[in-house]
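Source file: final_5.txt; contents: compact mmCIF, N, CA and C atoms.
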# COMPACT_ATOMS: atom_id res chain seq x y z
N MET A 1154 0.85 -1.18 0.00
CA MET A 1154 0.00 0.00 0.00
C MET A 1154 0.88 1.23 0.00
N ASN A 1155 0.64 2.14 -0.93
CA ASN A 1155 1.42 3.37 -1.06
C ASN A 1155 0.74 4.48 -0.26
N THR A 1156 1.46 5.08 0.71
CA THR A 1156 0.86 6.10 1.56
C THR A 1156 1.12 7.51 1.05
N THR A 1157 1.82 7.64 -0.07
CA THR A 1157 2.12 8.97 -0.59
C THR A 1157 0.86 9.76 -0.93
N PRO A 1158 -0.13 9.21 -1.64
CA PRO A 1158 -1.35 9.98 -1.91
C PRO A 1158 -2.05 10.42 -0.61
N LEU A 1159 -2.04 9.56 0.40
CA LEU A 1159 -2.65 9.91 1.68
C LEU A 1159 -1.91 11.08 2.33
N LYS A 1160 -0.59 11.03 2.30
CA LYS A 1160 0.21 12.12 2.87
C LYS A 1160 -0.02 13.43 2.11
N LEU A 1161 -0.10 13.35 0.78
CA LEU A 1161 -0.35 14.55 -0.02
C LEU A 1161 -1.74 15.13 0.28
N ALA A 1162 -2.73 14.26 0.42
CA ALA A 1162 -4.08 14.73 0.72
C ALA A 1162 -4.11 15.39 2.10
N LEU A 1163 -3.42 14.80 3.07
CA LEU A 1163 -3.36 15.37 4.41
C LEU A 1163 -2.63 16.71 4.39
N LEU A 1164 -1.57 16.82 3.64
CA LEU A 1164 -0.82 18.07 3.51
C LEU A 1164 -1.69 19.15 2.86
N ALA A 1165 -2.42 18.81 1.81
CA ALA A 1165 -3.29 19.77 1.14
C ALA A 1165 -4.40 20.22 2.07
N PHE A 1166 -4.99 19.28 2.80
CA PHE A 1166 -6.05 19.63 3.75
C PHE A 1166 -5.52 20.58 4.83
N THR A 1167 -4.36 20.28 5.38
CA THR A 1167 -3.76 21.11 6.42
C THR A 1167 -3.44 22.50 5.90
N ALA A 1168 -2.89 22.60 4.71
CA ALA A 1168 -2.54 23.89 4.13
C ALA A 1168 -3.78 24.76 3.90
N THR A 1169 -4.85 24.16 3.41
CA THR A 1169 -6.05 24.95 3.17
C THR A 1169 -6.75 25.32 4.47
N THR A 1170 -6.69 24.46 5.46
CA THR A 1170 -7.32 24.74 6.74
C THR A 1170 -6.61 25.88 7.45
N LEU A 1171 -5.30 25.88 7.43
CA LEU A 1171 -4.52 26.89 8.15
C LEU A 1171 -4.29 28.17 7.35
N SER A 1172 -4.68 28.18 6.10
CA SER A 1172 -4.42 29.36 5.28
C SER A 1172 -5.20 30.58 5.74
N ALA A 1173 -6.30 30.38 6.45
CA ALA A 1173 -7.10 31.51 6.93
C ALA A 1173 -6.61 32.03 8.28
N CYS A 1174 -5.64 31.37 8.87
CA CYS A 1174 -5.12 31.77 10.17
C CYS A 1174 -4.17 32.95 9.99
N VAL A 1175 -4.47 34.05 10.67
CA VAL A 1175 -3.64 35.25 10.58
C VAL A 1175 -3.15 35.62 11.97
N VAL A 1176 -1.87 35.88 12.08
CA VAL A 1176 -1.31 36.34 13.34
C VAL A 1176 -0.96 37.80 13.15
N ALA A 1177 -1.56 38.67 13.96
CA ALA A 1177 -1.32 40.10 13.85
C ALA A 1177 -1.07 40.66 15.24
N PRO A 1178 -0.34 41.75 15.34
CA PRO A 1178 -0.10 42.33 16.65
C PRO A 1178 -1.41 42.83 17.26
N TYR A 1179 -1.49 42.73 18.57
CA TYR A 1179 -2.69 43.17 19.28
C TYR A 1179 -2.71 44.69 19.33
N PRO A 1180 -3.78 45.33 18.89
CA PRO A 1180 -3.82 46.79 18.91
C PRO A 1180 -4.02 47.31 20.33
N GLY A 1181 -3.22 48.27 20.74
CA GLY A 1181 -3.42 48.90 22.03
C GLY A 1181 -4.63 49.82 21.94
N TYR A 1182 -5.21 50.13 23.05
CA TYR A 1182 -6.38 50.99 23.04
C TYR A 1182 -6.03 52.41 22.67
N GLY A 1183 -4.85 52.87 23.09
CA GLY A 1183 -4.43 54.22 22.72
C GLY A 1183 -5.18 55.32 23.44
N TYR A 1184 -5.97 54.96 24.44
CA TYR A 1184 -6.67 55.98 25.20
C TYR A 1184 -6.91 55.46 26.61
N GLY A 1185 -7.06 56.37 27.54
CA GLY A 1185 -7.52 56.01 28.86
C GLY A 1185 -6.53 55.35 29.79
N TYR A 1186 -5.86 54.32 29.36
CA TYR A 1186 -5.00 53.59 30.27
C TYR A 1186 -3.70 54.31 30.49
N ARG A 1187 -3.33 54.46 31.73
CA ARG A 1187 -2.14 55.21 32.10
C ARG A 1187 -1.07 54.22 32.55
N ASP A 1188 -0.17 53.86 31.66
CA ASP A 1188 0.89 52.95 32.06
C ASP A 1188 2.25 53.37 31.51
N ARG A 1189 2.37 54.56 31.02
CA ARG A 1189 3.61 55.01 30.40
C ARG A 1189 4.25 56.14 31.20
N ASP A 1190 5.29 55.83 31.93
CA ASP A 1190 6.11 56.85 32.59
C ASP A 1190 5.30 57.91 33.32
N ARG A 1191 4.28 57.50 34.01
CA ARG A 1191 3.49 58.41 34.83
C ARG A 1191 3.89 58.20 36.28
N ASP A 1192 3.63 59.20 37.10
CA ASP A 1192 3.86 59.03 38.52
C ASP A 1192 2.76 58.14 39.08
N TYR A 1193 3.17 57.03 39.67
CA TYR A 1193 2.19 56.14 40.29
C TYR A 1193 1.55 56.90 41.45
N ASP A 1194 0.27 56.72 41.64
CA ASP A 1194 -0.49 57.29 42.74
C ASP A 1194 -0.84 58.76 42.54
N GLN A 1195 -0.65 59.32 41.35
CA GLN A 1195 -1.03 60.72 41.15
C GLN A 1195 -2.54 60.84 41.14
N SER A 1196 -3.04 62.00 41.51
CA SER A 1196 -4.48 62.23 41.56
C SER A 1196 -5.02 62.41 40.15
N LEU A 1197 -6.10 61.67 39.85
CA LEU A 1197 -6.70 61.75 38.52
C LEU A 1197 -8.12 62.28 38.54
N GLY A 1198 -8.68 62.48 39.73
CA GLY A 1198 -10.04 62.99 39.80
C GLY A 1198 -10.64 62.78 41.17
N ASP A 1199 -11.68 63.53 41.46
CA ASP A 1199 -12.40 63.43 42.73
C ASP A 1199 -13.88 63.30 42.45
N ALA A 1200 -14.57 62.54 43.29
CA ALA A 1200 -16.00 62.33 43.12
C ALA A 1200 -16.70 62.39 44.48
N ASP A 1201 -17.97 62.73 44.46
CA ASP A 1201 -18.74 62.77 45.70
C ASP A 1201 -19.15 61.37 46.17
N GLY A 1202 -19.20 60.42 45.26
CA GLY A 1202 -19.62 59.07 45.61
C GLY A 1202 -18.64 58.03 45.12
N PRO A 1203 -18.77 56.81 45.61
CA PRO A 1203 -17.87 55.73 45.20
C PRO A 1203 -18.13 55.30 43.77
N PRO A 1204 -17.16 54.64 43.14
CA PRO A 1204 -17.39 54.13 41.78
C PRO A 1204 -18.34 52.94 41.82
N PRO A 1205 -18.99 52.63 40.70
CA PRO A 1205 -19.82 51.43 40.63
C PRO A 1205 -18.96 50.18 40.79
N PRO A 1206 -19.59 49.03 40.98
CA PRO A 1206 -18.81 47.78 41.04
C PRO A 1206 -18.04 47.58 39.73
N PRO A 1207 -16.89 46.91 39.79
CA PRO A 1207 -16.13 46.67 38.55
C PRO A 1207 -16.97 45.90 37.53
N GLN A 1208 -16.75 46.20 36.27
CA GLN A 1208 -17.44 45.47 35.21
C GLN A 1208 -16.72 44.15 34.96
N VAL A 1209 -17.48 43.18 34.50
CA VAL A 1209 -16.88 41.90 34.11
C VAL A 1209 -16.30 42.08 32.72
N GLU A 1210 -15.04 41.73 32.56
CA GLU A 1210 -14.38 41.89 31.26
C GLU A 1210 -14.06 40.53 30.67
N VAL A 1211 -14.21 40.43 29.39
CA VAL A 1211 -13.78 39.24 28.67
C VAL A 1211 -12.41 39.55 28.10
N MET A 1212 -11.41 38.82 28.57
CA MET A 1212 -10.05 39.07 28.10
C MET A 1212 -9.88 38.49 26.70
N PRO A 1213 -9.39 39.32 25.76
CA PRO A 1213 -9.12 38.76 24.43
C PRO A 1213 -7.95 37.78 24.51
N VAL A 1214 -7.74 37.06 23.46
CA VAL A 1214 -6.65 36.09 23.40
C VAL A 1214 -5.32 36.81 23.66
N ILE A 1215 -4.49 36.18 24.46
CA ILE A 1215 -3.19 36.77 24.78
C ILE A 1215 -2.41 37.00 23.47
N PRO A 1216 -1.90 38.21 23.27
CA PRO A 1216 -1.28 38.55 21.99
C PRO A 1216 0.13 38.02 21.81
N PHE A 1217 0.83 37.76 22.92
CA PHE A 1217 2.19 37.24 22.85
C PHE A 1217 2.53 36.60 24.19
N ALA A 1218 3.48 35.67 24.16
CA ALA A 1218 3.87 34.97 25.39
C ALA A 1218 4.41 35.96 26.41
N GLY A 1219 3.97 35.82 27.64
CA GLY A 1219 4.46 36.68 28.71
C GLY A 1219 3.69 37.97 28.90
N ALA A 1220 2.69 38.24 28.06
CA ALA A 1220 1.90 39.47 28.20
C ALA A 1220 1.19 39.49 29.55
N VAL A 1221 1.00 40.68 30.08
CA VAL A 1221 0.36 40.87 31.38
C VAL A 1221 -0.99 41.57 31.16
N TRP A 1222 -2.05 41.04 31.80
CA TRP A 1222 -3.36 41.66 31.67
C TRP A 1222 -3.48 42.79 32.69
N LEU A 1223 -3.79 44.00 32.21
CA LEU A 1223 -4.04 45.15 33.07
C LEU A 1223 -5.55 45.34 33.08
N GLY A 1224 -6.18 44.93 34.16
CA GLY A 1224 -7.63 44.94 34.25
C GLY A 1224 -8.22 46.35 34.16
N GLY A 1225 -9.45 46.43 33.74
CA GLY A 1225 -10.13 47.71 33.61
C GLY A 1225 -10.43 48.34 34.96
N TYR A 1226 -10.84 49.58 34.92
CA TYR A 1226 -11.15 50.31 36.15
C TYR A 1226 -12.12 51.45 35.85
N TRP A 1227 -12.75 51.96 36.88
CA TRP A 1227 -13.64 53.12 36.73
C TRP A 1227 -12.79 54.37 36.79
N GLY A 1228 -12.74 55.11 35.70
CA GLY A 1228 -12.03 56.38 35.65
C GLY A 1228 -12.99 57.51 35.95
N TRP A 1229 -12.57 58.73 35.69
CA TRP A 1229 -13.40 59.91 35.94
C TRP A 1229 -13.31 60.79 34.71
N SER A 1230 -14.43 61.03 34.05
CA SER A 1230 -14.44 61.82 32.82
C SER A 1230 -15.77 62.55 32.70
N GLY A 1231 -15.70 63.83 32.40
CA GLY A 1231 -16.91 64.61 32.20
C GLY A 1231 -17.79 64.69 33.42
N GLY A 1232 -17.20 64.67 34.60
CA GLY A 1232 -17.96 64.76 35.83
C GLY A 1232 -18.69 63.49 36.22
N ARG A 1233 -18.28 62.35 35.67
CA ARG A 1233 -18.93 61.09 36.02
C ARG A 1233 -17.93 59.94 35.91
N HIS A 1234 -18.29 58.81 36.52
CA HIS A 1234 -17.47 57.60 36.41
C HIS A 1234 -17.59 57.07 34.99
N ALA A 1235 -16.47 56.68 34.43
CA ALA A 1235 -16.45 56.13 33.06
C ALA A 1235 -15.53 54.91 33.06
N TRP A 1236 -16.03 53.80 32.54
CA TRP A 1236 -15.24 52.57 32.52
C TRP A 1236 -14.11 52.67 31.51
N VAL A 1237 -12.91 52.28 31.94
CA VAL A 1237 -11.74 52.20 31.06
C VAL A 1237 -11.42 50.71 30.97
N GLY A 1238 -11.58 50.15 29.77
CA GLY A 1238 -11.38 48.71 29.60
C GLY A 1238 -9.94 48.28 29.78
N GLY A 1239 -9.78 47.04 30.21
CA GLY A 1239 -8.45 46.47 30.39
C GLY A 1239 -7.76 46.20 29.07
N ARG A 1240 -6.48 45.88 29.16
CA ARG A 1240 -5.72 45.58 27.95
C ARG A 1240 -4.48 44.76 28.30
N TRP A 1241 -3.88 44.19 27.29
CA TRP A 1241 -2.63 43.46 27.45
C TRP A 1241 -1.46 44.42 27.36
N ALA A 1242 -0.39 44.14 28.08
CA ALA A 1242 0.81 44.97 28.03
C ALA A 1242 2.04 44.08 28.18
N ALA A 1243 3.16 44.60 27.72
CA ALA A 1243 4.42 43.88 27.92
C ALA A 1243 4.89 44.12 29.35
N PRO A 1244 5.34 43.05 30.02
CA PRO A 1244 5.83 43.25 31.38
C PRO A 1244 7.12 44.07 31.37
N ARG A 1245 7.42 44.69 32.49
CA ARG A 1245 8.65 45.46 32.62
C ARG A 1245 9.52 44.80 33.69
N VAL A 1246 10.73 44.47 33.32
CA VAL A 1246 11.64 43.80 34.24
C VAL A 1246 11.89 44.70 35.45
N GLY A 1247 11.74 44.12 36.64
CA GLY A 1247 11.98 44.86 37.87
C GLY A 1247 10.82 45.71 38.33
N PHE A 1248 9.67 45.62 37.64
CA PHE A 1248 8.49 46.42 37.99
C PHE A 1248 7.27 45.52 38.14
N VAL A 1249 6.31 45.98 38.90
CA VAL A 1249 5.00 45.33 38.99
C VAL A 1249 3.96 46.38 38.67
N TRP A 1250 2.81 45.94 38.16
CA TRP A 1250 1.74 46.87 37.81
C TRP A 1250 0.91 47.17 39.06
N GLY A 1251 0.74 48.43 39.37
CA GLY A 1251 -0.15 48.86 40.44
C GLY A 1251 -1.38 49.48 39.78
N ALA A 1252 -2.52 48.85 39.95
CA ALA A 1252 -3.74 49.28 39.27
C ALA A 1252 -4.27 50.60 39.82
N PRO A 1253 -4.94 51.39 38.98
CA PRO A 1253 -5.62 52.59 39.48
C PRO A 1253 -6.68 52.17 40.50
N ARG A 1254 -6.96 53.05 41.46
CA ARG A 1254 -7.93 52.70 42.49
C ARG A 1254 -8.57 53.95 43.08
N TRP A 1255 -9.74 53.77 43.63
CA TRP A 1255 -10.48 54.85 44.29
C TRP A 1255 -10.25 54.74 45.79
N VAL A 1256 -9.97 55.89 46.44
CA VAL A 1256 -9.70 55.94 47.87
C VAL A 1256 -10.65 56.96 48.50
N ALA A 1257 -11.30 56.56 49.59
CA ALA A 1257 -12.19 57.48 50.30
C ALA A 1257 -11.38 58.34 51.25
N GLY A 1258 -11.72 59.64 51.32
CA GLY A 1258 -11.04 60.53 52.24
C GLY A 1258 -11.66 61.91 52.22
N GLY A 1259 -11.83 62.49 53.40
CA GLY A 1259 -12.37 63.84 53.47
C GLY A 1259 -13.79 63.95 52.96
N GLY A 1260 -14.57 62.88 53.10
CA GLY A 1260 -15.96 62.91 52.63
C GLY A 1260 -16.11 62.78 51.13
N ARG A 1261 -15.03 62.52 50.42
CA ARG A 1261 -15.07 62.37 48.95
C ARG A 1261 -14.33 61.11 48.56
N TRP A 1262 -14.39 60.81 47.26
CA TRP A 1262 -13.65 59.69 46.69
C TRP A 1262 -12.61 60.25 45.74
N HIS A 1263 -11.39 59.71 45.80
CA HIS A 1263 -10.26 60.22 45.02
C HIS A 1263 -9.69 59.09 44.17
N LEU A 1264 -9.58 59.34 42.87
CA LEU A 1264 -9.00 58.36 41.95
C LEU A 1264 -7.49 58.53 41.97
N ARG A 1265 -6.80 57.46 42.33
CA ARG A 1265 -5.34 57.46 42.35
C ARG A 1265 -4.87 56.66 41.14
N GLY A 1266 -3.98 57.23 40.37
CA GLY A 1266 -3.51 56.62 39.13
C GLY A 1266 -2.65 55.39 39.36
N GLY A 1267 -2.72 54.49 38.42
CA GLY A 1267 -1.89 53.29 38.46
C GLY A 1267 -0.61 53.52 37.68
N GLY A 1268 0.24 52.53 37.69
CA GLY A 1268 1.48 52.62 36.93
C GLY A 1268 2.42 51.51 37.29
N TRP A 1269 3.54 51.48 36.63
CA TRP A 1269 4.58 50.49 36.91
C TRP A 1269 5.39 50.95 38.11
N VAL A 1270 5.51 50.08 39.10
CA VAL A 1270 6.19 50.39 40.36
C VAL A 1270 7.40 49.48 40.52
N LYS A 1271 8.54 50.07 40.88
CA LYS A 1271 9.73 49.26 41.12
C LYS A 1271 9.47 48.27 42.24
N ARG A 1272 9.97 47.06 42.06
CA ARG A 1272 9.82 46.04 43.12
C ARG A 1272 10.62 46.40 44.33
Structure encoded using structure tokens:
Amino acid sequence: MNTTPLKLALLAFTATTLSACVVAPYPGYGYGYRDRDRDYDQSLGDADGPPPPPQVEVMPVIPFAGAVWLGGYWGWSGGRHAWVGGRWAAPRVGFVWGAPRWVAGGGRWHLRGGGWVKR
């Protein structure tokens, strides 16, 4: 029994099946997320009330090995809480991600910015 036709058929099937597979870089959001050389813990806004509960996010497929998920958070825009969706980022050697967070104080809520923090 000659297996060459079977191997060729399997090769042709594999080539046509995988031909629609495209690997492309993951697009950054380009807005909202503060992770570039900002002072960690800087004030980003004040509100009279607490932010809503965090939204449930569906994480897209990891764009590259070792990527770190930076979860979304409630920001402050136009005098109201506005959700800023999470995104993937490249890790930074010697740093950990500190997420933005809301802190109560003085009868108000204060948004403290996130950023990369030295270990």
Review point. Restricting the calculation to only C-alpha atoms, which member of A:Pro1203, A:Trp1227, A:Glu1210, A:Trp1269 is positioned closest to A:Ala1243?
Key: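 Smallest separation from A:Ala1243 among the options: A:Trp1269.
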**Study point:** Among the residues A:Gly1260, A:Pro1158, A:Gly1225, A:Pro1216, the one that comes closest to A:Gly1238 [using only N, CA and C atoms]
**Key:** A:Gly1225
Point to revise | Pick from A:Pro1204, A:Val1214, A:Trp1241, A:Val1246 nearest to A:Gly1228, counting all atoms listed in the file | key: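 Smallest separation from A:Gly1228 among the options: A:Pro1204.
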Exercise for review: Could you tell me how far atom CA of A:Val1221 lies from atom CA of A:Trp1262, in Å and to one decimal?
Suggested key: 28.0 Å
Check your understanding: Can you tell me how far atom CA of A:Leu1264 sits from atom N of A:Arg1245, in Å to one decimal?
Key ->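 So the two atoms, atom CA of A:Leu1264 and atom N of A:Arg1245, lie 23.4 Å apart.
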Review point. So which one's closest to A:Ala1257, A:Leu1163, A:Ala1200, A:Val1209, A:Ala1220? Using only C-alpha atoms, please.
Key: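 Smallest separation from A:Ala1257 among the options: A:Ala1200.
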Exercise for review: With a distance cut-off of 5 Å and all atoms listed in the file, select the neighbouring residues of A:Gly1267, excluding the residue or stretch itself and same-chain residues fewer than 6 positions from it, and output the selection as a list in words.
Suggested key: Tyr1193, Asp1194, Gly1251, Ala1252 and Pro1253 of chain A
**Study point:** DSSP strand (DSSP E or B) residues within stretch 1199-1229 of chain A, listed as a PyMOL selection string
**Key:** chain A and resi 1199-1200+1221-1223+1226-1229
Restricting it to N, CA and C atoms, dump the selection as a tab-separated table (two decimals), in the coordinates of the input.
chain	number	residue	atom	x	y	z
A	1199	ASP	N	-11.68	63.53	41.46
A	1199	ASP	CA	-12.40	63.43	42.73
A	1199	ASP	C	-13.88	63.30	42.45
A	1200	ALA	N	-14.57	62.54	43.29
A	1200	ALA	CA	-16.00	62.33	43.12
A	1200	ALA	C	-16.70	62.39	44.48
A	1221	VAL	N	1.00	40.68	30.08
A	1221	VAL	CA	0.36	40.87	31.38
A	1221	VAL	C	-0.99	41.57	31.16
A	1222	TRP	N	-2.05	41.04	31.80
A	1222	TRP	CA	-3.36	41.66	31.67
A	1222	TRP	C	-3.48	42.79	32.69
A	1223	LEU	N	-3.79	44.00	32.21
A	1223	LEU	CA	-4.04	45.15	33.07
A	1223	LEU	C	-5.55	45.34	33.08
A	1226	TYR	N	-10.84	49.58	34.92
A	1226	TYR	CA	-11.15	50.31	36.15
A	1226	TYR	C	-12.12	51.45	35.85
A	1227	TRP	N	-12.75	51.96	36.88
A	1227	TRP	CA	-13.64	53.12	36.73
A	1227	TRP	C	-12.79	54.37	36.79
A	1228	GLY	N	-12.74	55.11	35.70
A	1228	GLY	CA	-12.03	56.38	35.65
A	1228	GLY	C	-12.99	57.51	35.95
A	1229	TRP	N	-12.57	58.73	35.69
A	1229	TRP	CA	-13.40	59.91	35.94
A	1229	TRP	C	-13.31	60.79	34.71
Revision key, fill the gap. Between atom N of A:Phe1248 and atom N of A:Arg1265 lies a distance of 20.8 Å
Check your understanding: Which is closest to A:Ser1230 among A:Gly1268, A:Asp1199, A:Met1212, A:Pro1205, if we use only C-alpha atoms?
Key ->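 Nearest to A:Ser1230: A:Asp1199.
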Check your understanding: With only N, CA and C atoms as the atoms that count, which of A:Gln1208, A:Arg1272, A:Ser1196, A:Leu1159 lies nearest to A:Trp1236?
Key ->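 The answer is A:Gln1208, which sits nearest to A:Trp1236.
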